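Next up, input_14.json (JSON, N, CA and C atoms):
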[["chain", "number", "residue", "atom", "x", "y", "z"],
["A", 251, "MET", "N", 37.99, -8.79, -36.44],
["A", 251, "MET", "CA", 36.88, -9.28, -35.64],
["A", 251, "MET", "C", 35.58, -8.73, -36.22],
["A", 252, "GLU", "N", 34.65, -9.63, -36.47],
["A", 252, "GLU", "CA", 33.38, -9.25, -37.07],
["A", 252, "GLU", "C", 32.38, -8.78, -36.01],
["A", 253, "PRO", "N", 31.57, -7.75, -36.33],
["A", 253, "PRO", "CA", 30.57, -7.28, -35.37],
["A", 253, "PRO", "C", 29.55, -8.37, -35.04],
["A", 254, "VAL", "N", 29.10, -8.37, -33.80],
["A", 254, "VAL", "CA", 28.10, -9.33, -33.34],
["A", 254, "VAL", "C", 26.77, -8.60, -33.17],
["A", 255, "ARG", "N", 25.70, -9.19, -33.64],
["A", 255, "ARG", "CA", 24.35, -8.64, -33.50],
["A", 255, "ARG", "C", 23.47, -9.68, -32.80],
["A", 256, "THR", "N", 22.37, -9.23, -32.24],
["A", 256, "THR", "CA", 21.45, -10.11, -31.53],
["A", 256, "THR", "C", 20.22, -10.38, -32.39],
["A", 257, "CYS", "N", 19.88, -11.64, -32.55],
["A", 257, "CYS", "CA", 18.69, -12.04, -33.29],
["A", 257, "CYS", "C", 17.45, -11.66, -32.48],
["A", 258, "VAL", "N", 16.46, -11.00, -33.12],
["A", 258, "VAL", "CA", 15.26, -10.61, -32.40],
["A", 258, "VAL", "C", 14.36, -11.80, -32.11],
["A", 259, "GLY", "N", 14.60, -12.92, -32.76],
["A", 259, "GLY", "CA", 13.79, -14.12, -32.52],
["A", 259, "GLY", "C", 14.27, -14.92, -31.33],
["A", 260, "CYS", "N", 15.49, -15.43, -31.42],
["A", 260, "CYS", "CA", 16.00, -16.31, -30.36],
["A", 260, "CYS", "C", 16.83, -15.56, -29.32],
["A", 261, "ARG", "N", 17.13, -14.29, -29.58],
["A", 261, "ARG", "CA", 17.87, -13.43, -28.64],
["A", 261, "ARG", "C", 19.31, -13.89, -28.41],
["A", 262, "SER", "N", 19.87, -14.63, -29.34],
["A", 262, "SER", "CA", 21.27, -15.03, -29.20],
["A", 262, "SER", "C", 22.13, -14.17, -30.12],
["A", 263, "GLY", "N", 23.37, -13.97, -29.72],
["A", 263, "GLY", "CA", 24.30, -13.19, -30.52],
["A", 263, "GLY", "C", 24.90, -14.03, -31.62],
["A", 264, "ALA", "N", 25.16, -13.38, -32.75],
["A", 264, "ALA", "CA", 25.76, -14.08, -33.89],
["A", 264, "ALA", "C", 26.50, -13.06, -34.74],
["A", 265, "PRO", "N", 27.48, -13.52, -35.52],
["A", 265, "PRO", "CA", 28.17, -12.60, -36.43],
["A", 265, "PRO", "C", 27.18, -11.95, -37.40],
["A", 266, "ARG", "N", 27.43, -10.71, -37.70],
["A", 266, "ARG", "CA", 26.54, -9.94, -38.57],
["A", 266, "ARG", "C", 26.30, -10.62, -39.91],
["A", 267, "SER", "N", 27.31, -11.28, -40.45],
["A", 267, "SER", "CA", 27.19, -11.91, -41.77],
["A", 267, "SER", "C", 26.25, -13.11, -41.78],
["A", 268, "SER", "N", 25.95, -13.67, -40.62],
["A", 268, "SER", "CA", 25.07, -14.83, -40.58],
["A", 268, "SER", "C", 23.61, -14.46, -40.30],
["A", 269, "LEU", "N", 23.33, -13.17, -40.18],
["A", 269, "LEU", "CA", 21.98, -12.70, -39.89],
["A", 269, "LEU", "C", 21.43, -11.86, -41.04],
["A", 270, "LEU", "N", 20.11, -11.75, -41.10],
["A", 270, "LEU", "CA", 19.45, -10.87, -42.06],
["A", 270, "LEU", "C", 19.08, -9.58, -41.36],
["A", 271, "ARG", "N", 19.33, -8.44, -42.00],
["A", 271, "ARG", "CA", 18.89, -7.16, -41.45],
["A", 271, "ARG", "C", 17.51, -6.88, -42.01],
["A", 272, "VAL", "N", 16.60, -6.48, -41.14],
["A", 272, "VAL", "CA", 15.22, -6.21, -41.52],
["A", 272, "VAL", "C", 14.91, -4.77, -41.14],
["A", 273, "VAL", "N", 14.26, -4.03, -42.05],
["A", 273, "VAL", "CA", 13.84, -2.67, -41.79],
["A", 273, "VAL", "C", 12.35, -2.55, -42.10],
["A", 274, "ALA", "N", 11.71, -1.55, -41.50],
["A", 274, "ALA", "CA", 10.29, -1.29, -41.75],
["A", 274, "ALA", "C", 10.18, -0.16, -42.76],
["A", 275, "GLN", "N", 9.40, -0.39, -43.81],
["A", 275, "GLN", "CA", 9.12, 0.63, -44.81],
["A", 275, "GLN", "C", 7.64, 0.59, -45.13],
["A", 276, "ASN", "N", 6.92, 1.66, -44.80],
["A", 276, "ASN", "CA", 5.49, 1.76, -45.07],
["A", 276, "ASN", "C", 4.72, 0.57, -44.49],
["A", 277, "SER", "N", 4.94, 0.26, -43.24],
["A", 277, "SER", "CA", 4.27, -0.83, -42.52],
["A", 277, "SER", "C", 4.57, -2.21, -43.10],
["A", 278, "LYS", "N", 5.66, -2.34, -43.83],
["A", 278, "LYS", "CA", 6.09, -3.63, -44.36],
["A", 278, "LYS", "C", 7.51, -3.89, -43.89],
["A", 279, "LEU", "N", 7.77, -5.13, -43.54],
["A", 279, "LEU", "CA", 9.14, -5.53, -43.20],
["A", 279, "LEU", "C", 9.86, -5.90, -44.48],
["A", 280, "VAL", "N", 11.03, -5.34, -44.67],
["A", 280, "VAL", "CA", 11.81, -5.56, -45.88],
["A", 280, "VAL", "C", 13.19, -6.08, -45.48],
["A", 281, "VAL", "N", 13.67, -7.09, -46.20],
["A", 281, "VAL", "CA", 15.01, -7.61, -45.96],
["A", 281, "VAL", "C", 16.00, -6.65, -46.61],
["A", 282, "ASP", "N", 16.97, -6.21, -45.83],
["A", 282, "ASP", "CA", 18.00, -5.29, -46.29],
["A", 282, "ASP", "C", 19.29, -6.10, -46.51],
["A", 283, "HIS", "N", 19.43, -6.68, -47.69],
["A", 283, "HIS", "CA", 20.57, -7.55, -47.98],
["A", 283, "HIS", "C", 21.90, -6.83, -47.91],
["A", 284, "SER", "N", 21.92, -5.57, -48.30],
["A", 284, "SER", "CA", 23.19, -4.83, -48.30],
["A", 284, "SER", "C", 23.44, -4.11, -46.98],
["A", 285, "ALA", "N", 22.48, -4.12, -46.06],
["A", 285, "ALA", "CA", 22.59, -3.46, -44.75],
["A", 285, "ALA", "C", 22.88, -1.98, -44.90],
["A", 286, "THR", "N", 22.26, -1.35, -45.91],
["A", 286, "THR", "CA", 22.48, 0.08, -46.14],
["A", 286, "THR", "C", 21.19, 0.89, -46.17],
["A", 287, "LEU", "N", 20.03, 0.26, -46.06],
["A", 287, "LEU", "CA", 18.78, 1.01, -46.09],
["A", 287, "LEU", "C", 18.70, 1.92, -44.85],
["A", 288, "PRO", "N", 18.09, 3.10, -45.01],
["A", 288, "PRO", "CA", 18.00, 4.01, -43.87],
["A", 288, "PRO", "C", 17.01, 3.51, -42.81],
["A", 289, "GLY", "N", 17.20, 4.00, -41.61],
["A", 289, "GLY", "CA", 16.29, 3.67, -40.51],
["A", 289, "GLY", "C", 16.84, 2.59, -39.61],
["A", 290, "ARG", "N", 16.07, 2.33, -38.56],
["A", 290, "ARG", "CA", 16.46, 1.31, -37.60],
["A", 290, "ARG", "C", 16.39, -0.06, -38.25],
["A", 291, "GLY", "N", 17.26, -0.93, -37.84],
["A", 291, "GLY", "CA", 17.26, -2.28, -38.36],
["A", 291, "GLY", "C", 17.16, -3.30, -37.23],
["A", 292, "ALA", "N", 16.55, -4.42, -37.53],
["A", 292, "ALA", "CA", 16.49, -5.55, -36.61],
["A", 292, "ALA", "C", 17.19, -6.70, -37.30],
["A", 293, "TRP", "N", 17.84, -7.55, -36.52],
["A", 293, "TRP", "CA", 18.62, -8.65, -37.08],
["A", 293, "TRP", "C", 17.94, -9.97, -36.75],
["A", 294, "LEU", "N", 17.95, -10.89, -37.70],
["A", 294, "LEU", "CA", 17.22, -12.15, -37.58],
["A", 294, "LEU", "C", 18.01, -13.28, -38.23],
["A", 295, "HIS", "N", 18.08, -14.43, -37.53],
["A", 295, "HIS", "CA", 18.65, -15.62, -38.17],
["A", 295, "HIS", "C", 17.75, -15.99, -39.35],
["A", 296, "PRO", "N", 18.32, -16.43, -40.45],
["A", 296, "PRO", "CA", 17.52, -16.76, -41.63],
["A", 296, "PRO", "C", 16.85, -18.13, -41.54],
["A", 297, "VAL", "N", 16.15, -18.37, -40.45],
["A", 297, "VAL", "CA", 15.41, -19.63, -40.26],
["A", 297, "VAL", "C", 13.99, -19.30, -39.81],
["A", 298, "VAL", "N", 13.07, -20.15, -40.18],
["A", 298, "VAL", "CA", 11.66, -19.92, -39.87],
["A", 298, "VAL", "C", 11.41, -19.92, -38.37],
["A", 299, "GLY", "N", 12.14, -20.73, -37.62],
["A", 299, "GLY", "CA", 11.95, -20.80, -36.17],
["A", 299, "GLY", "C", 12.19, -19.46, -35.50],
["A", 300, "CYS", "N", 13.23, -18.76, -35.89],
["A", 300, "CYS", "CA", 13.50, -17.44, -35.31],
["A", 300, "CYS", "C", 12.45, -16.42, -35.74],
["A", 301, "LEU", "N", 11.99, -16.50, -36.98],
["A", 301, "LEU", "CA", 10.93, -15.61, -37.44],
["A", 301, "LEU", "C", 9.66, -15.84, -36.63],
["A", 302, "ASP", "N", 9.30, -17.11, -36.41],
["A", 302, "ASP", "CA", 8.11, -17.43, -35.63],
["A", 302, "ASP", "C", 8.21, -16.89, -34.20],
["A", 303, "LYS", "N", 9.38, -17.06, -33.58],
["A", 303, "LYS", "CA", 9.58, -16.55, -32.23],
["A", 303, "LYS", "C", 9.47, -15.03, -32.19],
["A", 304, "ALA", "N", 10.06, -14.37, -33.17],
["A", 304, "ALA", "CA", 10.00, -12.91, -33.22],
["A", 304, "ALA", "C", 8.57, -12.41, -33.40],
["A", 305, "LEU", "N", 7.80, -13.08, -34.25],
["A", 305, "LEU", "CA", 6.41, -12.69, -34.45],
["A", 305, "LEU", "C", 5.58, -12.95, -33.21],
["A", 306, "GLN", "N", 5.81, -14.08, -32.57],
["A", 306, "GLN", "CA", 5.07, -14.43, -31.35],
["A", 306, "GLN", "C", 5.32, -13.40, -30.25],
["A", 307, "ARG", "N", 6.55, -12.95, -30.13],
["A", 307, "ARG", "CA", 6.93, -11.99, -29.09],
["A", 307, "ARG", "C", 6.68, -10.54, -29.51],
["A", 308, "ARG", "N", 6.24, -10.33, -30.76],
["A", 308, "ARG", "CA", 6.05, -8.98, -31.32],
["A", 308, "ARG", "C", 7.35, -8.17, -31.24],
["A", 309, "ALA", "N", 8.45, -8.84, -31.52],
["A", 309, "ALA", "CA", 9.77, -8.24, -31.36],
["A", 309, "ALA", "C", 10.09, -7.20, -32.44],
["A", 310, "PHE", "N", 9.55, -7.35, -33.64],
["A", 310, "PHE", "CA", 9.88, -6.40, -34.70],
["A", 310, "PHE", "C", 9.37, -5.00, -34.37],
["A", 311, "GLY", "N", 8.17, -4.91, -33.87],
["A", 311, "GLY", "CA", 7.61, -3.60, -33.52],
["A", 311, "GLY", "C", 8.45, -2.89, -32.47],
["A", 312, "ARG", "N", 8.89, -3.63, -31.47],
["A", 312, "ARG", "CA", 9.72, -3.04, -30.42],
["A", 312, "ARG", "C", 11.11, -2.68, -30.94],
["A", 313, "ALA", "N", 11.73, -3.58, -31.66],
["A", 313, "ALA", "CA", 13.09, -3.33, -32.14],
["A", 313, "ALA", "C", 13.14, -2.18, -33.14],
["A", 314, "LEU", "N", 12.13, -2.08, -33.97],
["A", 314, "LEU", "CA", 12.10, -1.05, -35.00],
["A", 314, "LEU", "C", 11.36, 0.21, -34.56],
["A", 315, "LYS", "N", 10.79, 0.16, -33.37],
["A", 315, "LYS", "CA", 10.02, 1.28, -32.81],
["A", 315, "LYS", "C", 8.91, 1.71, -33.76],
["A", 316, "VAL", "N", 8.09, 0.72, -34.16],
["A", 316, "VAL", "CA", 6.97, 0.93, -35.06],
["A", 316, "VAL", "C", 5.70, 0.45, -34.38],
["A", 317, "ASP", "N", 4.64, 1.24, -34.47],
["A", 317, "ASP", "CA", 3.35, 0.85, -33.92],
["A", 317, "ASP", "C", 2.50, 0.18, -34.99],
["A", 318, "GLY", "N", 1.61, -0.70, -34.57],
["A", 318, "GLY", "CA", 0.69, -1.34, -35.50],
["A", 318, "GLY", "C", 1.24, -2.63, -36.08],
["A", 319, "MET", "N", 0.45, -3.20, -36.98],
["A", 319, "MET", "CA", 0.79, -4.45, -37.62],
["A", 319, "MET", "C", 1.79, -4.22, -38.74],
["A", 320, "LEU", "N", 2.70, -5.16, -38.91],
["A", 320, "LEU", "CA", 3.70, -5.10, -39.97],
["A", 320, "LEU", "C", 3.51, -6.29, -40.90],
["A", 321, "ASP", "N", 3.58, -6.04, -42.19],
["A", 321, "ASP", "CA", 3.44, -7.09, -43.20],
["A", 321, "ASP", "C", 4.75, -7.87, -43.28],
["A", 322, "THR", "N", 4.68, -9.17, -43.06],
["A", 322, "THR", "CA", 5.89, -10.01, -43.04],
["A", 322, "THR", "C", 6.06, -10.85, -44.30],
["A", 323, "THR", "N", 5.29, -10.57, -45.34],
["A", 323, "THR", "CA", 5.33, -11.37, -46.55],
["A", 323, "THR", "C", 6.73, -11.42, -47.18],
["A", 324, "ALA", "N", 7.40, -10.27, -47.24],
["A", 324, "ALA", "CA", 8.73, -10.22, -47.87],
["A", 324, "ALA", "C", 9.75, -11.02, -47.07],
["A", 325, "ILE", "N", 9.63, -11.00, -45.75],
["A", 325, "ILE", "CA", 10.56, -11.76, -44.90],
["A", 325, "ILE", "C", 10.35, -13.25, -45.11],
["A", 326, "GLN", "N", 9.10, -13.68, -45.12],
["A", 326, "GLN", "CA", 8.80, -15.09, -45.31],
["A", 326, "GLN", "C", 9.28, -15.57, -46.67],
["A", 327, "ALA", "N", 9.12, -14.74, -47.70],
["A", 327, "ALA", "CA", 9.59, -15.11, -49.04],
["A", 327, "ALA", "C", 11.12, -15.22, -49.07],
["A", 328, "ALA", "N", 11.80, -14.30, -48.39],
["A", 328, "ALA", "CA", 13.27, -14.34, -48.36],
["A", 328, "ALA", "C", 13.76, -15.59, -47.62],
["A", 329, "LEU", "N", 13.11, -15.96, -46.53],
["A", 329, "LEU", "CA", 13.51, -17.15, -45.79],
["A", 329, "LEU", "C", 13.26, -18.41, -46.62],
["A", 330, "GLU", "N", 12.17, -18.44, -47.36],
["A", 330, "GLU", "CA", 11.89, -19.59, -48.22],
["A", 330, "GLU", "C", 12.94, -19.68, -49.33],
["A", 331, "GLU", "N", 13.31, -18.54, -49.91],
["A", 331, "GLU", "CA", 14.34, -18.53, -50.95],
["A", 331, "GLU", "C", 15.68, -19.00, -50.39],
["A", 332, "ASN", "N", 16.03, -18.54, -49.18],
["A", 332, "ASN", "CA", 17.27, -18.98, -48.53],
["A", 332, "ASN", "C", 17.26, -20.47, -48.28],
["A", 333, "ARG", "N", 16.12, -20.98, -47.86],
["A", 333, "ARG", "CA", 16.00, -22.42, -47.59],
["A", 333, "ARG", "C", 16.20, -23.22, -48.87],
["A", 334, "LEU", "N", 15.60, -22.76, -49.97],
["A", 334, "LEU", "CA", 15.72, -23.48, -51.22],
["A", 334, "LEU", "C", 17.13, -23.38, -51.81],
["A", 335, "ASN", "N", 17.76, -22.22, -51.67],
["A", 335, "ASN", "CA", 19.09, -22.02, -52.24],
["A", 335, "ASN", "C", 20.21, -22.45, -51.30],
["A", 336, "GLY", "N", 19.90, -22.57, -50.02],
["A", 336, "GLY", "CA", 20.93, -22.94, -49.06],
["A", 336, "GLY", "C", 21.89, -21.81, -48.74],
["A", 337, "THR", "N", 21.44, -20.56, -48.92],
["A", 337, "THR", "CA", 22.29, -19.40, -48.65],
["A", 337, "THR", "C", 21.77, -18.63, -47.46],
["A", 338, "VAL", "N", 22.64, -17.81, -46.88],
["A", 338, "VAL", "CA", 22.24, -16.96, -45.75],
["A", 338, "VAL", "C", 21.75, -15.63, -46.27],
["A", 339, "ASN", "N", 22.52, -14.95, -47.09],
["A", 339, "ASN", "CA", 22.07, -13.72, -47.73],
["A", 339, "ASN", "C", 22.82, -13.51, -49.02],
["A", 340, "SER", "N", 22.42, -12.50, -49.78],
["A", 340, "SER", "CA", 23.00, -12.31, -51.11],
["A", 340, "SER", "C", 24.40, -11.72, -51.09],
["A", 341, "ASN", "N", 24.90, -11.31, -49.93],
["A", 341, "ASN", "CA", 26.24, -10.73, -49.83],
["A", 341, "ASN", "C", 27.32, -11.79, -49.88],
["A", 342, "GLU", "N", 27.01, -13.02, -49.66],
["A", 342, "GLU", "CA", 28.03, -14.06, -49.56],
["A", 342, "GLU", "C", 28.29, -14.73, -50.88]]
Please re-express this file's structure in structure tokens.
Amino acid sequence: MEPVRTCVGCRSGAPRSSLLRVVAQNSKLVVDHSATLPGRGAWLHPVVGCLDKALQRRAFGRALKVDGMLDTTAIQAALEENRLNGTVNSNE
């Protein structure tokens, strides 16, 4: 049985393998493809709609317990790459 995580965007549960783990490093959100980076992680469906909902709700700051603005450039680039390649993450 695979672990279930909750997407910070749409708040629905999904298998861990179908979500992206995101961590905060130096006020930047970074995609953790291997799910091994240190620190708190937030889970997100690899679709722009969930990213938009998470940003609108300011969910990353709460989930990662980080104050201030977070740079989402790396997340947006990863989602665009996933969309073009048709993949969920590099582990598959």
Self-check item: Best match for closeness to Pro288 in chain A among A:Leu301, A:Arg271, A:Leu334, A:Thr323, counting only C-alpha atoms
Solution: A:Arg271
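Taking CA of Thr256 in chain A and atom N of Leu294 in chain A as the two end points, the separation is 7.1 Å.
Minimum distance to Val316 in chain A across A:Val254, A:Ala292, A:Leu269, A:Leu329 (counting only C-alpha atoms) occurs at A:Ala292.
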Edge lengths and centre in Å, axis-aligned, range 258-269 of chain A plus 3 Å each side, as AutoDock Vina command-line options:
--center_x 21.0 --center_y -13.1 --center_z -35.1 --size_x 20.4 --size_y 12.4 --size_z 19.4
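Picture a line from CA of Trp293 in chain A to CA of Val272 in chain A; it runs 6.1 Å.
One finds CA of Ala274 in chain A at 12.5 Å from CA of Ala309 in chain A.
Among the candidates A:Leu314, A:Ala324, A:Met319, A:Leu305, the one nearest to Gly259 in chain A when counting all atoms listed in the file is A:Leu305.
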Practice problem: Using DSSP on the backbone, list every residue of chain A that comes out as strand (DSSP E), and give them as number ranges by chain. | Solution: A: 254-256, 263-265, 270-275, 278-281, 292-294
Self-check item: helix (DSSP H, G or I) residues, from DSSP on the backbone, in chain A, as a PyMOL selection string
Solution: chain A and resi 266-268+298-307+309-314+323-335
For the residues in the current selection, export N, CA and C atoms as a CSV table (one decimal), in the coordinates of the input.
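So again_36.csv came out as:
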chain,number,residue,atom,x,y,z
A,266,ARG,N,27.4,-10.7,-37.7
A,266,ARG,CA,26.5,-9.9,-38.6
A,266,ARG,C,26.3,-10.6,-39.9
A,267,SER,N,27.3,-11.3,-40.4
A,267,SER,CA,27.2,-11.9,-41.8
A,267,SER,C,26.2,-13.1,-41.8
A,268,SER,N,26.0,-13.7,-40.6
A,268,SER,CA,25.1,-14.8,-40.6
A,268,SER,C,23.6,-14.5,-40.3
A,298,VAL,N,13.1,-20.2,-40.2
A,298,VAL,CA,11.7,-19.9,-39.9
A,298,VAL,C,11.4,-19.9,-38.4
A,299,GLY,N,12.1,-20.7,-37.6
A,299,GLY,CA,12.0,-20.8,-36.2
A,299,GLY,C,12.2,-19.5,-35.5
A,300,CYS,N,13.2,-18.8,-35.9
A,300,CYS,CA,13.5,-17.4,-35.3
A,300,CYS,C,12.4,-16.4,-35.7
A,301,LEU,N,12.0,-16.5,-37.0
A,301,LEU,CA,10.9,-15.6,-37.4
A,301,LEU,C,9.7,-15.8,-36.6
A,302,ASP,N,9.3,-17.1,-36.4
A,302,ASP,CA,8.1,-17.4,-35.6
A,302,ASP,C,8.2,-16.9,-34.2
A,303,LYS,N,9.4,-17.1,-33.6
A,303,LYS,CA,9.6,-16.6,-32.2
A,303,LYS,C,9.5,-15.0,-32.2
A,304,ALA,N,10.1,-14.4,-33.2
A,304,ALA,CA,10.0,-12.9,-33.2
A,304,ALA,C,8.6,-12.4,-33.4
A,305,LEU,N,7.8,-13.1,-34.2
A,305,LEU,CA,6.4,-12.7,-34.4
A,305,LEU,C,5.6,-13.0,-33.2
A,306,GLN,N,5.8,-14.1,-32.6
A,306,GLN,CA,5.1,-14.4,-31.4
A,306,GLN,C,5.3,-13.4,-30.2
A,307,ARG,N,6.6,-13.0,-30.1
A,307,ARG,CA,6.9,-12.0,-29.1
A,307,ARG,C,6.7,-10.5,-29.5
A,309,ALA,N,8.4,-8.8,-31.5
A,309,ALA,CA,9.8,-8.2,-31.4
A,309,ALA,C,10.1,-7.2,-32.4
A,310,PHE,N,9.6,-7.4,-33.6
A,310,PHE,CA,9.9,-6.4,-34.7
A,310,PHE,C,9.4,-5.0,-34.4
A,311,GLY,N,8.2,-4.9,-33.9
A,311,GLY,CA,7.6,-3.6,-33.5
A,311,GLY,C,8.4,-2.9,-32.5
A,312,ARG,N,8.9,-3.6,-31.5
A,312,ARG,CA,9.7,-3.0,-30.4
A,312,ARG,C,11.1,-2.7,-30.9
A,313,ALA,N,11.7,-3.6,-31.7
A,313,ALA,CA,13.1,-3.3,-32.1
A,313,ALA,C,13.1,-2.2,-33.1
A,314,LEU,N,12.1,-2.1,-34.0
A,314,LEU,CA,12.1,-1.0,-35.0
A,314,LEU,C,11.4,0.2,-34.6
A,323,THR,N,5.3,-10.6,-45.3
A,323,THR,CA,5.3,-11.4,-46.6
A,323,THR,C,6.7,-11.4,-47.2
A,324,ALA,N,7.4,-10.3,-47.2
A,324,ALA,CA,8.7,-10.2,-47.9
A,324,ALA,C,9.8,-11.0,-47.1
A,325,ILE,N,9.6,-11.0,-45.8
A,325,ILE,CA,10.6,-11.8,-44.9
A,325,ILE,C,10.4,-13.2,-45.1
A,326,GLN,N,9.1,-13.7,-45.1
A,326,GLN,CA,8.8,-15.1,-45.3
A,326,GLN,C,9.3,-15.6,-46.7
A,327,ALA,N,9.1,-14.7,-47.7
A,327,ALA,CA,9.6,-15.1,-49.0
A,327,ALA,C,11.1,-15.2,-49.1
A,328,ALA,N,11.8,-14.3,-48.4
A,328,ALA,CA,13.3,-14.3,-48.4
A,328,ALA,C,13.8,-15.6,-47.6
A,329,LEU,N,13.1,-16.0,-46.5
A,329,LEU,CA,13.5,-17.2,-45.8
A,329,LEU,C,13.3,-18.4,-46.6
A,330,GLU,N,12.2,-18.4,-47.4
A,330,GLU,CA,11.9,-19.6,-48.2
A,330,GLU,C,12.9,-19.7,-49.3
A,331,GLU,N,13.3,-18.5,-49.9
A,331,GLU,CA,14.3,-18.5,-51.0
A,331,GLU,C,15.7,-19.0,-50.4
A,332,ASN,N,16.0,-18.5,-49.2
A,332,ASN,CA,17.3,-19.0,-48.5
A,332,ASN,C,17.3,-20.5,-48.3
A,333,ARG,N,16.1,-21.0,-47.9
A,333,ARG,CA,16.0,-22.4,-47.6
A,333,ARG,C,16.2,-23.2,-48.9
A,334,LEU,N,15.6,-22.8,-50.0
A,334,LEU,CA,15.7,-23.5,-51.2
A,334,LEU,C,17.1,-23.4,-51.8
A,335,ASN,N,17.8,-22.2,-51.7
A,335,ASN,CA,19.1,-22.0,-52.2
A,335,ASN,C,20.2,-22.4,-51.3
